[in-house]
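Data block for structure-v4.cif (mmCIF, C-alpha atoms):
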data_protein
#
loop_
_atom_site.label_atom_id
_atom_site.label_comp_id
_atom_site.auth_asym_id
_atom_site.auth_seq_id
_atom_site.Cartn_x
_atom_site.Cartn_y
_atom_site.Cartn_z
CA VAL A 12 145.62 74.49 12.98
CA THR A 13 147.37 77.51 14.53
CA THR A 14 148.11 79.62 11.45
CA ILE A 15 146.23 80.64 8.32
CA GLY A 16 148.89 81.67 5.84
CA ASP A 17 149.23 84.67 3.53
CA GLY A 18 146.64 84.62 0.75
CA ALA A 19 145.27 81.26 1.90
CA PHE A 20 141.78 81.97 0.55
CA PHE A 21 142.61 85.01 -1.59
CA VAL A 22 140.01 85.68 -4.32
CA CYS A 23 137.79 82.72 -3.31
CA SER A 24 134.77 84.62 -4.59
CA GLY A 25 132.39 81.69 -4.06
CA LEU A 26 133.27 81.30 -0.38
CA LYS A 27 130.20 82.00 1.76
CA SER A 28 131.16 80.98 5.28
CA VAL A 29 134.24 80.12 7.32
CA ILE A 30 134.62 78.32 10.66
CA ILE A 31 137.91 78.95 12.49
CA PRO A 32 138.84 76.70 15.45
CA ASN A 33 139.99 77.98 18.84
CA SER A 34 143.61 76.97 18.13
CA VAL A 35 144.24 79.63 15.45
CA THR A 36 146.50 82.45 16.66
CA THR A 37 147.60 84.12 13.40
CA ILE A 38 145.95 85.03 10.10
CA GLY A 39 148.29 86.15 7.32
CA ASP A 40 148.25 88.94 4.75
CA TYR A 41 145.29 88.91 2.34
CA ALA A 42 144.12 85.54 3.75
CA PHE A 43 140.46 86.31 2.97
CA ALA A 44 140.83 89.40 0.77
CA TRP A 45 138.66 89.63 -2.31
CA CYS A 46 136.34 86.89 -1.02
CA ASP A 47 133.41 88.91 -2.28
CA GLY A 48 130.77 86.34 -1.33
CA LEU A 49 131.98 85.89 2.25
CA LYS A 50 129.19 86.81 4.67
CA SER A 51 129.89 84.85 7.83
CA ILE A 52 132.91 83.85 9.91
CA THR A 53 132.62 81.84 13.12
CA CYS A 54 135.82 82.01 15.17
CA TYR A 55 136.07 79.98 18.36
CA ALA A 56 139.37 81.53 19.52
CA ILE A 57 139.00 83.30 22.89
CA THR A 58 141.96 85.55 22.09
CA PRO A 59 141.50 87.32 18.74
CA PRO A 60 143.97 85.85 16.23
CA LYS A 61 146.64 88.33 15.18
CA CYS A 62 145.74 89.76 11.78
CA TRP A 63 148.41 90.93 9.37
CA ILE A 64 147.85 93.23 6.39
CA ASN A 65 144.51 93.39 4.57
CA VAL A 66 143.24 90.06 5.90
CA PHE A 67 139.64 90.75 4.88
CA ASN A 68 139.98 93.72 2.54
CA ASP A 69 142.43 95.20 0.05
CA GLU A 70 142.69 98.67 1.60
CA ARG A 71 144.94 99.97 -1.17
CA TRP A 72 142.00 100.11 -3.55
CA ASN A 73 139.14 99.92 -1.05
CA ILE A 74 137.89 96.82 -2.79
CA GLY A 75 137.59 93.16 -1.98
CA ASN A 76 135.38 92.61 1.07
CA VAL A 77 134.10 95.95 2.34
CA PHE A 78 134.46 96.34 6.09
CA GLY A 79 131.18 95.86 7.95
CA THR A 80 129.59 93.43 5.49
CA ILE A 81 130.94 90.29 7.20
CA ASN A 82 129.29 88.93 10.35
CA VAL A 83 131.97 87.54 12.69
CA TYR A 84 130.63 85.24 15.42
CA VAL A 85 132.94 84.85 18.43
CA PRO A 86 132.66 83.54 22.02
CA ALA A 87 130.49 85.91 24.02
CA SER A 88 133.23 86.44 26.62
CA ALA A 89 135.60 87.70 23.89
CA LEU A 90 133.22 90.14 22.21
CA GLU A 91 134.88 93.31 23.48
CA ASP A 92 138.40 92.03 22.72
CA TYR A 93 137.47 91.42 19.07
CA GLN A 94 135.70 94.77 18.82
CA ASN A 95 138.96 96.47 19.78
CA ALA A 96 141.44 94.19 17.99
CA ARG A 97 143.39 95.19 14.89
CA GLY A 98 141.95 93.59 11.80
CA TRP A 99 138.69 92.65 13.53
CA LYS A 100 137.29 95.90 14.92
CA ASN A 101 135.84 97.15 11.63
CA LEU A 102 133.79 93.96 11.14
CA GLN A 103 130.39 93.18 12.66
CA ILE A 104 131.32 91.25 15.81
CA LEU A 105 128.49 89.14 17.23
CA PRO A 106 128.29 86.46 19.94
CA ILE A 107 128.12 82.79 19.00
CA THR A 108 124.59 81.52 19.73
CA GLU A 109 123.11 78.03 19.66
CA ASP A 110 121.68 78.81 16.22
CA VAL A 111 125.16 79.54 14.90
CA LYS A 112 126.66 76.43 16.55
CA ASN A 113 124.06 74.12 15.03
CA SER A 114 124.21 75.52 11.49
CA TYR A 115 126.90 75.27 8.87
CA TYR A 116 127.38 76.03 5.18
CA CYS A 117 128.07 73.74 2.26
CA ALA A 118 128.82 75.94 -0.72
CA SER A 119 129.91 75.76 -4.34
CA SER A 120 129.62 78.03 -7.33
CA SER A 121 126.14 76.71 -8.11
CA PHE A 122 124.49 76.25 -4.71
CA ALA A 123 124.81 76.95 -1.01
CA PHE A 124 123.04 75.33 1.91
CA ILE A 125 122.89 76.17 5.58
CA TYR A 126 122.31 72.94 7.45
CA ARG A 127 120.41 72.38 10.71
CA CYS A 128 119.68 76.02 11.38
CA LYS A 129 117.30 76.53 14.31
CA ILE A 130 114.67 79.21 13.76
CA GLY A 131 112.15 79.44 16.56
CA ASP A 132 111.69 75.88 17.79
CA ILE A 133 112.23 74.16 14.43
CA TYR A 134 115.40 73.09 12.61
CA TYR A 135 115.79 73.75 8.87
CA ASN A 136 118.14 73.13 5.97
CA LEU A 137 118.18 76.39 4.01
CA ASN A 138 118.84 76.59 0.27
CA THR A 139 120.29 80.07 -0.15
CA LYS A 140 120.07 79.96 -3.94
CA GLU A 141 116.44 78.88 -4.26
CA LYS A 142 115.40 80.60 -0.99
CA THR A 143 113.64 77.44 0.19
CA ALA A 144 113.69 75.64 3.53
CA GLU A 145 113.45 71.97 4.48
CA VAL A 146 112.35 70.97 7.97
CA THR A 147 114.91 68.66 9.59
CA SER A 148 115.97 67.49 13.05
CA GLU A 149 118.67 68.80 15.36
CA THR A 150 121.20 66.19 14.27
CA GLY A 151 119.72 65.20 10.92
CA ASP A 152 119.02 61.60 11.93
CA TRP A 153 116.71 59.37 13.99
CA ARG A 154 118.60 59.90 17.26
CA ALA A 155 117.56 63.52 17.67
CA LYS A 156 113.93 63.31 18.89
CA SER A 157 113.92 67.09 18.54
CA TYR A 158 110.20 67.76 18.77
CA THR A 159 107.48 67.43 21.41
CA GLY A 160 103.98 68.76 21.94
CA SER A 161 102.17 70.60 19.15
CA VAL A 162 104.25 71.80 16.20
CA VAL A 163 102.91 74.35 13.72
CA ILE A 164 105.27 74.71 10.78
CA PRO A 165 105.25 78.21 9.23
CA GLU A 166 105.00 78.89 5.50
CA THR A 167 108.10 81.10 5.57
CA VAL A 168 111.08 81.64 7.86
CA THR A 169 113.62 84.46 8.01
CA TYR A 170 117.32 83.97 8.72
CA ASN A 171 119.96 86.72 8.56
CA GLY A 172 117.41 89.01 6.93
CA ILE A 173 116.55 86.57 4.12
CA THR A 174 113.09 84.98 3.84
CA TYR A 175 112.80 81.33 2.84
CA SER A 176 109.70 79.40 1.73
CA VAL A 177 109.20 76.16 3.66
CA THR A 178 108.66 73.57 0.92
CA THR A 179 109.74 70.21 2.34
CA ILE A 180 109.46 68.06 5.44
CA GLY A 181 112.77 66.23 5.22
CA GLU A 182 113.43 62.52 5.59
CA ARG A 183 113.28 61.43 9.26
CA ALA A 184 112.67 65.00 10.39
CA PHE A 185 110.34 63.89 13.20
CA VAL A 186 111.08 60.15 13.24
CA LEU A 187 110.58 58.47 16.64
CA CYS A 188 109.52 61.74 18.29
CA ASP A 189 107.16 59.92 20.63
CA GLY A 190 106.46 63.16 22.51
CA LEU A 191 105.03 64.83 19.39
CA LYS A 192 101.25 65.28 19.81
CA SER A 193 100.12 67.21 16.74
CA VAL A 194 101.58 68.74 13.61
CA THR A 195 100.29 71.31 11.15
CA ILE A 196 101.97 71.36 7.74
CA PRO A 197 101.47 74.63 5.81
CA ASN A 198 100.24 75.21 2.27
CA SER A 199 103.79 76.02 1.12
CA VAL A 200 105.00 72.43 1.60
CA THR A 201 104.98 70.17 -1.47
CA THR A 202 106.88 67.11 -0.20
CA ILE A 203 106.85 65.00 2.96
CA GLY A 204 109.96 62.80 3.00
CA ASP A 205 110.50 59.14 3.84
CA LEU A 206 109.89 58.30 7.52
CA ALA A 207 109.21 61.98 8.22
CA PHE A 208 106.86 61.09 11.10
CA GLY A 209 107.64 57.38 11.33
CA GLY A 210 107.33 55.94 14.81
CA CYS A 211 105.70 59.05 16.31
CA SER A 212 103.63 56.87 18.62
CA GLY A 213 102.15 59.82 20.52
CA LEU A 214 100.94 61.69 17.44
CA THR A 215 97.17 62.22 17.62
CA SER A 216 96.57 64.85 14.94
CA ALA A 217 98.12 65.77 11.58
CA THR A 218 96.99 68.52 9.21
CA ILE A 219 98.46 68.57 5.70
CA GLY A 220 98.33 71.69 3.53
CA LYS A 221 96.82 71.90 0.07
CA SER A 222 100.10 71.93 -1.89
CA VAL A 223 101.53 68.56 -0.86
CA THR A 224 102.00 66.33 -3.92
CA ILE A 225 104.32 63.60 -2.56
CA ILE A 226 104.35 61.65 0.71
CA GLY A 227 107.37 59.38 1.05
CA ASN A 228 107.84 55.80 2.18
CA GLU A 229 106.63 55.09 5.74
CA ALA A 230 106.10 58.80 6.32
CA PHE A 231 103.44 58.12 8.99
CA ALA A 232 104.23 54.47 9.67
CA SER A 233 103.80 53.18 13.24
CA CYS A 234 101.94 56.30 14.37
CA SER A 235 99.84 53.98 16.49
CA ASP A 236 97.77 56.68 18.25
CA LEU A 237 96.92 58.63 15.11
CA PRO A 238 93.11 58.52 14.67
CA SER A 239 92.78 61.02 11.81
CA ILE A 240 94.51 63.19 9.24
CA THR A 241 93.13 66.29 7.58
CA CYS A 242 94.52 66.85 4.10
CA TYR A 243 93.54 69.93 2.08
CA ALA A 244 95.09 68.79 -1.22
CA ILE A 245 92.46 68.50 -3.97
CA THR A 246 94.58 65.99 -5.90
CA PRO A 247 95.57 62.99 -3.75
CA PRO A 248 99.31 63.22 -2.99
CA LYS A 249 101.34 60.40 -4.50
CA CYS A 250 102.13 57.93 -1.73
CA GLY A 251 105.30 55.90 -1.36
CA VAL A 252 105.46 52.44 0.19
CA ASN A 253 103.68 51.72 3.47
CA VAL A 254 102.97 55.39 4.23
CA PHE A 255 100.44 54.66 6.98
CA GLY A 256 101.51 51.11 7.86
CA SER A 257 104.11 49.78 10.28
CA ILE A 258 107.86 50.22 10.19
CA GLU A 259 108.51 46.72 11.56
CA SER A 260 105.45 44.57 10.94
CA SER A 261 101.78 44.58 10.06
CA PHE A 262 100.44 45.10 13.60
CA PHE A 263 99.20 48.56 12.58
CA THR A 264 97.88 48.78 9.05
CA GLY A 265 96.52 52.29 8.95
CA SER A 266 93.03 51.16 7.96
CA SER A 267 91.58 52.68 11.13
CA ILE A 268 92.77 56.20 10.24
CA LYS A 269 90.10 58.66 9.17
CA VAL A 270 91.27 60.99 6.43
CA TYR A 271 89.32 64.22 6.02
CA ILE A 272 89.69 65.81 2.59
CA PRO A 273 87.85 68.36 0.41
CA ALA A 274 84.38 67.05 -0.43
CA SER A 275 84.99 67.36 -4.16
CA ALA A 276 87.97 64.99 -3.91
CA VAL A 277 86.40 62.11 -1.93
CA GLU A 278 86.08 59.76 -4.88
CA ASP A 279 89.59 60.50 -6.12
CA TYR A 280 91.09 59.63 -2.73
CA GLN A 281 88.97 56.49 -2.44
CA ASN A 282 90.52 55.25 -5.68
CA ALA A 283 94.08 56.52 -5.20
CA ASP A 284 97.05 54.27 -4.41
CA GLY A 285 97.99 54.52 -0.78
CA TRP A 286 94.69 56.10 0.23
CA GLU A 287 92.11 53.54 -0.87
CA ASP A 288 92.32 51.44 2.32
CA LEU A 289 91.76 54.39 4.66
CA GLN A 290 88.44 55.87 5.78
CA ILE A 291 87.99 58.82 3.41
CA LEU A 292 85.58 61.50 4.68
CA PRO A 293 84.72 65.05 3.60
CA ILE A 294 86.02 68.01 5.59
CA THR A 295 83.16 69.60 7.50
CA GLY A 296 82.90 72.79 9.51
CA GLU A 297 83.32 70.75 12.67
CA VAL A 298 86.59 69.23 11.39
CA LYS A 299 87.91 72.66 10.38
CA ASN A 300 87.17 74.11 13.80
CA SER A 301 88.91 71.27 15.59
CA HIS A 302 92.33 72.13 14.06
#
Using structure tokens, write down the structure from this file.
Amino acid sequence: VTTIGDGAFFVCSGLKSVIIPNSVTTIGDYAFAWCDGLKSITCYAITPPKCWINVFNDERWNIGNVFGTINVYVPASALEDYQNARGWKNLQILPITEDVKNSYYCASSSFAFIYRCKIGDIYYNLNTKEKTAEVTSETGDWRAKSYTGSVVIPETVTYNGITYSVTTIGERAFVLCDGLKSVTIPNSVTTIGDLAFGGCSGLTSATIGKSVTIIGNEAFASCSDLPSITCYAITPPKCGVNVFGSIESSFFTGSSIKVYIPASAVEDYQNADGWEDLQILPITGEVKNSH
């Protein structure tokens, strides 16, 4: 694409984000005018595309998108050119970072997500309507192996000035991360997805917050070095299939894992599906201090 025509996205009030490739040279009259929800444009063109009349704003009435409210991410080497270019200079011009490259929007009138957004050392899918975050991997699949060492997941994250509650560990978020040593899941998380930590053969410690209610299929399967889990949930989380077993066979059944839980919940865990074959023990001061 080299040209975005006149009024191409005129009055697309639900539009949240736009990515423009480096081949675009011209943007026509009113192309993005009255896109009242538009907050972010990523433009990979080194030379600022030529902007015609009122591309981002209807200046006749001073309505539509108000100048300065849109973040425009451009190649770092072109920052000054955009800041001085007609049609661009009144917008907030910012350099493209790795966070911007790895994230993208999927929007409709009822929801909007930012996918694979890196905040700190962790990747998230952000639900901009519900203000919730799901932990994911760099590529969203098992090939990523995004995490190593000790990972402490925060209860909240902030992106573009908006705070999101971390509520989910997504499917395959840490799968096959054999360099992962320990993970701490906060009290804000309610769901651990299928295969979330499957095949993390180097994992030696996992701490699960008190709000988790669901642990998906094979979430900790084939974590062959995992000696213990500390889970602060009073009610045993509902377990999917083979949560602590093996992805491929029965060589590791999970029966050797010690699960430390609140003392008042020991009997409930001992009788709960998915937990009954594990070694259920009460959390003591010594266990608390070791995490």
> At a cut-off of 7 Å from (120.3, 74.6, 2.1) in the coordinates of the file, what residues are picked up using all atoms listed in the file, written as a list of chain:residue names?
Replying inline: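 Here is the list of nearby residues: A:Ala123, A:Phe124, A:Ile125, A:Tyr126, A:Asn136, A:Leu137, A:Asn138, A:Thr139, A:Ala144.
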> Please, what distance in Å, to one decimal, runs between atom CA of A:Ile64 and atom CA of A:Phe43?
Replying inline: 10.7 Å
> Which residues match the PyMOL selection byres ((chain A and resi 279) around 12) in the file above, as a PyMOL selection string?
Replying inline: chain A and resi 244-249+272-278+280-287+291-293
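The shortest atom-to-atom distance to A:Ala230, with all atoms listed in the file taken into account, belongs to A:Asp205 out of A:Asp205, A:Asp132, A:Glu149, A:Glu182.
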> Which residues fall under the PyMOL selection byres ((chain A and resi 92) around 12) in this file, as a list in words?
Replying inline: Ala56, Ile57, Thr58, Pro59, Pro60, Lys61, Val85, Pro86, Ala87, Ser88, Ala89, Leu90, Glu91, Tyr93, Gln94, Asn95, Ala96, Arg97, Gly98, Trp99, Lys100, Ile104, Leu105 and Pro106 of chain A
>> Since I can't run it myself right now, could you work out what the PyMOL selection byres ((chain A and resi 194) around 7) selects here and report it as a ChimeraX atom specification?
In response: /A:161-163,193,195-196,216-218
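Counting only C-alpha atoms and comparing A:Cys23, A:Ile219, A:Val252, A:Ala44, the residue that lies closest to A:Val66 is A:Ala44.
Summary of the local environment: counting only C-alpha atoms, residues at most 8 Å from A:Leu191, other than itself and those fewer than 6 positions away along its chain, are A:Tyr158, A:Thr159, A:Gly160, A:Ser161, A:Val162, A:Cys211, A:Gly213, A:Leu214.
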>> Just checking: using only C-alpha atoms, which residue out of A:Gly18, A:Gly210, A:Gly25, A:Gly251 ends up closest to A:Ala42?
In response: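 Distance minimum relative to A:Ala42 lands on A:Gly18.
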> In Å, how far is it from atom CA of A:Ser148 to atom CA of A:Tyr134?
Replying inline: 5.6 Å
> Looking at all atoms listed in the file, which of A:Lys156, A:Cys54, A:Val168, A:Gly220 is the one that sits closest to A:Thr241?
Replying inline: A:Gly220
> Hey, can you check how far atom CA of A:Gly181 sits from atom CA of A:Phe231?
Replying inline: 12.9 Å
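Nearest residue to A:Glu166 among A:Val146, A:Val12, A:Ile31, A:Cys62 is A:Val146, counting only C-alpha atoms.
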Residue rebuild result stretch 270-281 of chain A, all heavy atoms as a compact mmCIF listing (two decimals), keeping the file's coordinate frame:
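The resulting file, out.txt, is reproduced below:
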# COMPACT_ATOMS: atom_id res chain seq x y z
N VAL A 270 90.62 59.94 7.19
CA VAL A 270 91.27 60.99 6.43
C VAL A 270 90.20 61.96 5.93
O VAL A 270 89.32 61.59 5.14
CB VAL A 270 92.05 60.42 5.22
CG1 VAL A 270 92.73 61.56 4.45
CG2 VAL A 270 93.11 59.43 5.70
N TYR A 271 90.28 63.19 6.42
CA TYR A 271 89.32 64.22 6.02
C TYR A 271 89.93 65.04 4.89
O TYR A 271 91.04 65.58 5.01
CB TYR A 271 88.99 65.12 7.21
CG TYR A 271 88.28 64.39 8.33
CD1 TYR A 271 88.99 63.88 9.42
CD2 TYR A 271 86.90 64.21 8.29
CE1 TYR A 271 88.34 63.20 10.44
CE2 TYR A 271 86.24 63.54 9.31
CZ TYR A 271 86.97 63.03 10.37
OH TYR A 271 86.30 62.35 11.38
N ILE A 272 89.18 65.12 3.78
CA ILE A 272 89.69 65.81 2.59
C ILE A 272 88.56 66.65 1.98
O ILE A 272 87.39 66.52 2.37
CB ILE A 272 90.24 64.78 1.57
CG1 ILE A 272 89.25 63.62 1.32
CG2 ILE A 272 91.52 64.15 2.08
CD1 ILE A 272 88.37 63.79 0.16
N PRO A 273 88.89 67.56 1.04
CA PRO A 273 87.85 68.36 0.41
C PRO A 273 86.76 67.48 -0.19
O PRO A 273 87.05 66.44 -0.81
CB PRO A 273 88.61 69.14 -0.67
CG PRO A 273 90.00 69.23 -0.15
CD PRO A 273 90.24 67.93 0.55
N ALA A 274 85.52 67.87 -0.01
CA ALA A 274 84.38 67.05 -0.43
C ALA A 274 84.44 66.68 -1.91
O ALA A 274 84.09 65.56 -2.30
CB ALA A 274 83.07 67.77 -0.12
N SER A 275 84.95 67.61 -2.72
CA SER A 275 84.99 67.36 -4.16
C SER A 275 86.01 66.29 -4.54
O SER A 275 86.00 65.78 -5.67
CB SER A 275 85.32 68.66 -4.91
OG SER A 275 86.60 69.14 -4.51
N ALA A 276 86.89 65.93 -3.60
CA ALA A 276 87.97 64.99 -3.91
C ALA A 276 87.77 63.62 -3.30
O ALA A 276 88.63 62.74 -3.42
CB ALA A 276 89.29 65.58 -3.44
N VAL A 277 86.62 63.37 -2.65
CA VAL A 277 86.40 62.11 -1.93
C VAL A 277 86.59 60.91 -2.84
O VAL A 277 87.32 59.96 -2.51
CB VAL A 277 85.00 62.08 -1.28
CG1 VAL A 277 84.67 60.68 -0.79
CG2 VAL A 277 84.93 63.06 -0.12
N GLU A 278 85.99 60.92 -3.99
CA GLU A 278 86.08 59.76 -4.88
C GLU A 278 87.50 59.54 -5.37
O GLU A 278 87.96 58.40 -5.48
CB GLU A 278 85.14 59.94 -6.07
CG GLU A 278 85.06 58.70 -6.97
CD GLU A 278 84.02 58.84 -8.07
OE1 GLU A 278 83.23 59.80 -8.04
OE2 GLU A 278 84.02 57.96 -8.97
N ASP A 279 88.21 60.63 -5.66
CA ASP A 279 89.59 60.50 -6.12
C ASP A 279 90.47 59.83 -5.06
O ASP A 279 91.29 58.96 -5.38
CB ASP A 279 90.17 61.88 -6.48
CG ASP A 279 89.53 62.47 -7.73
OD1 ASP A 279 88.98 61.69 -8.53
OD2 ASP A 279 89.60 63.69 -7.90
N TYR A 280 90.31 60.23 -3.82
CA TYR A 280 91.09 59.63 -2.73
C TYR A 280 90.70 58.15 -2.53
O TYR A 280 91.56 57.31 -2.28
CB TYR A 280 90.88 60.39 -1.42
CG TYR A 280 91.78 61.60 -1.26
CD1 TYR A 280 91.47 62.82 -1.86
CD2 TYR A 280 92.93 61.54 -0.48
CE1 TYR A 280 92.28 63.94 -1.70
CE2 TYR A 280 93.75 62.65 -0.31
CZ TYR A 280 93.41 63.85 -0.93
OH TYR A 280 94.22 64.94 -0.76
N GLN A 281 89.42 57.87 -2.64
CA GLN A 281 88.97 56.49 -2.44
C GLN A 281 89.54 55.53 -3.48
O GLN A 281 89.62 54.32 -3.24
CB GLN A 281 87.43 56.44 -2.48
CG GLN A 281 86.78 57.07 -1.25
CD GLN A 281 85.28 57.18 -1.37
OE1 GLN A 281 84.73 57.20 -2.49
NE2 GLN A 281 84.59 57.26 -0.24
